[in-house]
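Everything below concerns the one structure shown next.
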Amino acid sequence: MKQSDFPERFAKPIADSASAGNLATIPATQATAGDGTASVSLGFPPETFIGRSAGGVPPRGQDMNGFLHRLSAVLQAYQAGMIGQYDATFASGIGGYPAGAVVAGATPGTFWVSTAENNMTIPGANGAAWQNLFANYLPLAGGKLQGSLAIGNAYSFDGAGGYSMLYRLSSVASDGVLDVYSNVGGTHVNVARISADGSIAIFGGGHFSENGQQVATQSWAGGQFATPSWVSSQFATSAWVSGQFATSSWVNGTFERAGVCLTLSNYNNDFATNDDRIINLPYGNMMQCFSVDNVSSGRITFPVAFSAAPQSILVQAVTGGVISHYHCVWEPDAAGFTLNLYGSYNAIYVEAKGKK
């Protein structure tokens with residue numbers, strides 16, 4: 001059978017447009033015995049099978065429409081892909097749902113599977129004999145794999161293809177904390193290992209690489225990577241501070257070599273600034289370079305006050321874009337100095353160095 005063989009679907013139940021007088025609602029039992037009306041329990045009753053000359057009653061067309069309407073409505077629901085919700089009245093009528101029966105939950109997208117025969121319990125209730133249809137499945141997004149891998153067992157992510165697999169969390173010291181095996185080039189070939197002390201081993205001539213570029217060979221002698229320089233994404237030896245990569249210290253997310261590497265806090269204290277007129281220097285020093293336009297003699301204020309009078313102040317007067325004079329300053333303090341010019345100028349440039 002093919003998909004194209006699927007019969008025509010009921011867009012509307014049979015007799016959906018019939019008038020009320022031509023469409024009967026079929027009751028569970030016949031209301032008046034012998035009147036010829038159909039019911040679920042009797043179908044068409046016995047009197048409709050007796051000739052009229054013998055006192056029988058002919059079947060009614062509205063009853064036939066009622067049966068066909070009810071049956072085709074059920075078929076329409078299944079053709080539309082519906083799965084009904086749990087119905088306590090229906091469950092009582094059939095003596096309970098059978099094991100394996102599926103009903104829809106109140107929340108769209110949830111379904112319950114009966115785990116018992118003659119099941120009269122309510123899905124989702126405490127102790128009910130129903131389980132979620134997707135209880136043992138991982139969702140497409142946001143799910144978590146939980147549990148533990150048994151020691152000594154292999155768990156393959158592509159067993160059919162015969163490629164790499166994750167092989168056991170081991171409690172044997174010689175095995176390492178985690179071993180990674182591959183079936184490429186053999187069966188269960190150990191290609192990498194993480195040991196209890198955090199070290200990483202790569203077997204079979206492998207190496208660390210990034211974007212196809214080799215970072216370092218697996219050879220490790222005297223605490224140094226074996227490659228001779230930092231070329232084509234390789235770690236350096238002799239070109240890297242006396243041939244050493246880094247100490248074991250890990251500070252602020254970076255490897256640290258005592259006396260060589262600079263921490264972020266040290267950098268911020270020594271160099272960081274949000275003003276391009278200020279240059280922060282190591283050991284608590286600061287240089288300020290700024291200009292003042294159309295200036296004459298008077299008091300000049302630094303952009304940022306020093307902690308004390310600066311060690312040196314250089315003032316250059318500019319006329320027409322040309323430095324014309326160097327001028328002396330008077331009464332310097334942490335906040336500024338007094339300038340005595342020999343006239344008026346387009347601008348002056350000031351360089352001052354002192355303690356922050």
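Labels for the structure tokens follow display order: chains A, B, ..., residues from 1 in each chain, ligands from 1.
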
### Task
Within 12 Å of Asn132 (chain A), counting only C-alpha atoms, which residues show up once you throw out same-chain ones fewer than 2 positions away? Write them as an MDAnalysis selection string, please.
chainID A and resid 100:105 109:115 123:125 128:130 134:137

#### Entry: Contact residues around region 12-21 of chain A with only C-alpha atoms at 9 Å, ignoring same-chain residues under 5 positions, as a PyMOL selection string
chain A and resi 62+65-66+68-76

### Message
Excluding Ala88 (chain A) and its own-chain neighbours fewer than 5 positions away, which residues fall within 12 Å of it when counting only C-alpha atoms? Please give them as a PyMOL selection string.
### Response
chain A and resi 93-97+103+119-123

Store the residues of this selection in a file with C-alpha atoms, as a CSV table (one decimal), in the first residue's frame.
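Saved the output as part27.csv:
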chain,number,residue,atom,x,y,z
A,93,GLY,CA,-17.8,1.9,30.3
A,94,ILE,CA,-14.9,-0.3,28.9
A,95,GLY,CA,-13.6,-1.5,32.2
A,96,GLY,CA,-10.5,0.6,32.1
A,97,TYR,CA,-7.9,1.5,29.4
A,103,VAL,CA,-4.2,9.5,25.6
A,119,ASN,CA,-6.5,1.0,33.9
A,120,MET,CA,-9.0,3.2,35.7
A,121,THR,CA,-6.4,5.6,37.2
A,122,ILE,CA,-6.1,9.2,36.0
A,123,PRO,CA,-2.9,10.2,34.1

### Query
Any idea what's packed within 12 Å of Asn268 (chain A), counting only C-alpha atoms, ignoring anything in its chain fewer than 3 positions away? Could you give it as a PyMOL selection string?
chain A and resi 262-265+271-274+280-282+284

Would you write out those residues with N, CA and C atoms, as a PDB file, in the first residue's frame?
ATOM      1  N   LEU A 262      52.403  40.155  33.193  1.00  0.00           N
ATOM      2  CA  LEU A 262      51.747  41.287  33.828  1.00  0.00           C
ATOM      3  C   LEU A 262      50.287  40.951  34.067  1.00  0.00           C
ATOM      4  N   THR A 263      49.851  41.076  35.320  1.00  0.00           N
ATOM      5  CA  THR A 263      48.446  40.803  35.625  1.00  0.00           C
ATOM      6  C   THR A 263      47.585  41.964  35.171  1.00  0.00           C
ATOM      7  N   LEU A 264      46.293  41.721  35.022  1.00  0.00           N
ATOM      8  CA  LEU A 264      45.370  42.754  34.585  1.00  0.00           C
ATOM      9  C   LEU A 264      45.305  43.904  35.592  1.00  0.00           C
ATOM     10  N   SER A 265      45.309  43.585  36.880  1.00  0.00           N
ATOM     11  CA  SER A 265      45.244  44.652  37.884  1.00  0.00           C
ATOM     12  C   SER A 265      46.496  45.532  37.832  1.00  0.00           C
ATOM     13  N   PHE A 271      48.999  51.605  33.667  1.00  0.00           N
ATOM     14  CA  PHE A 271      48.893  52.176  32.325  1.00  0.00           C
ATOM     15  C   PHE A 271      47.500  52.677  31.943  1.00  0.00           C
ATOM     16  N   ALA A 272      46.454  52.085  32.464  1.00  0.00           N
ATOM     17  CA  ALA A 272      45.109  52.370  31.952  1.00  0.00           C
ATOM     18  C   ALA A 272      44.718  53.827  32.181  1.00  0.00           C
ATOM     19  N   THR A 273      44.093  54.446  31.158  1.00  0.00           N
ATOM     20  CA  THR A 273      43.604  55.820  31.257  1.00  0.00           C
ATOM     21  C   THR A 273      42.501  56.020  30.233  1.00  0.00           C
ATOM     22  N   ASN A 274      41.547  56.892  30.571  1.00  0.00           N
ATOM     23  CA  ASN A 274      40.468  57.228  29.652  1.00  0.00           C
ATOM     24  C   ASN A 274      40.649  58.617  29.045  1.00  0.00           C
ATOM     25  N   ASN A 280      49.954  57.167  31.704  1.00  0.00           N
ATOM     26  CA  ASN A 280      50.356  56.554  32.960  1.00  0.00           C
ATOM     27  C   ASN A 280      51.603  55.711  32.746  1.00  0.00           C
ATOM     28  N   LEU A 281      52.514  55.785  33.683  1.00  0.00           N
ATOM     29  CA  LEU A 281      53.790  55.077  33.600  1.00  0.00           C
ATOM     30  C   LEU A 281      53.965  54.181  34.823  1.00  0.00           C
ATOM     31  N   PRO A 282      54.865  53.185  34.736  1.00  0.00           N
ATOM     32  CA  PRO A 282      55.091  52.313  35.892  1.00  0.00           C
ATOM     33  C   PRO A 282      55.648  53.088  37.089  1.00  0.00           C
ATOM     34  N   GLY A 284      54.227  54.399  39.618  1.00  0.00           N
ATOM     35  CA  GLY A 284      53.475  55.531  40.128  1.00  0.00           C
ATOM     36  C   GLY A 284      53.730  56.856  39.440  1.00  0.00           C
TER      37      GLY A 284
END

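The smallest atom-to-atom distance between Ile200 (chain A) and any of A:Asp5, A:Val180, A:Glu351, A:Ser297, using only C-alpha atoms, is found for A:Val180.
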
### Task
Please provide as a list of chain:residue names all residues within 7 Å of region 316-333 of chain A, with the sequence filter that same-chain residues fewer than 2 positions apart are discarded (counting only C-alpha atoms).
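The contact residues come out as A:Ala308, A:Ala309, A:Leu314, A:Ala335, A:Gly336, A:Phe337, A:Thr338, A:Leu339, A:Asn340, A:Leu341, A:Tyr345, A:Asn346, A:Ala347, A:Ile348, A:Tyr349, A:Val350.
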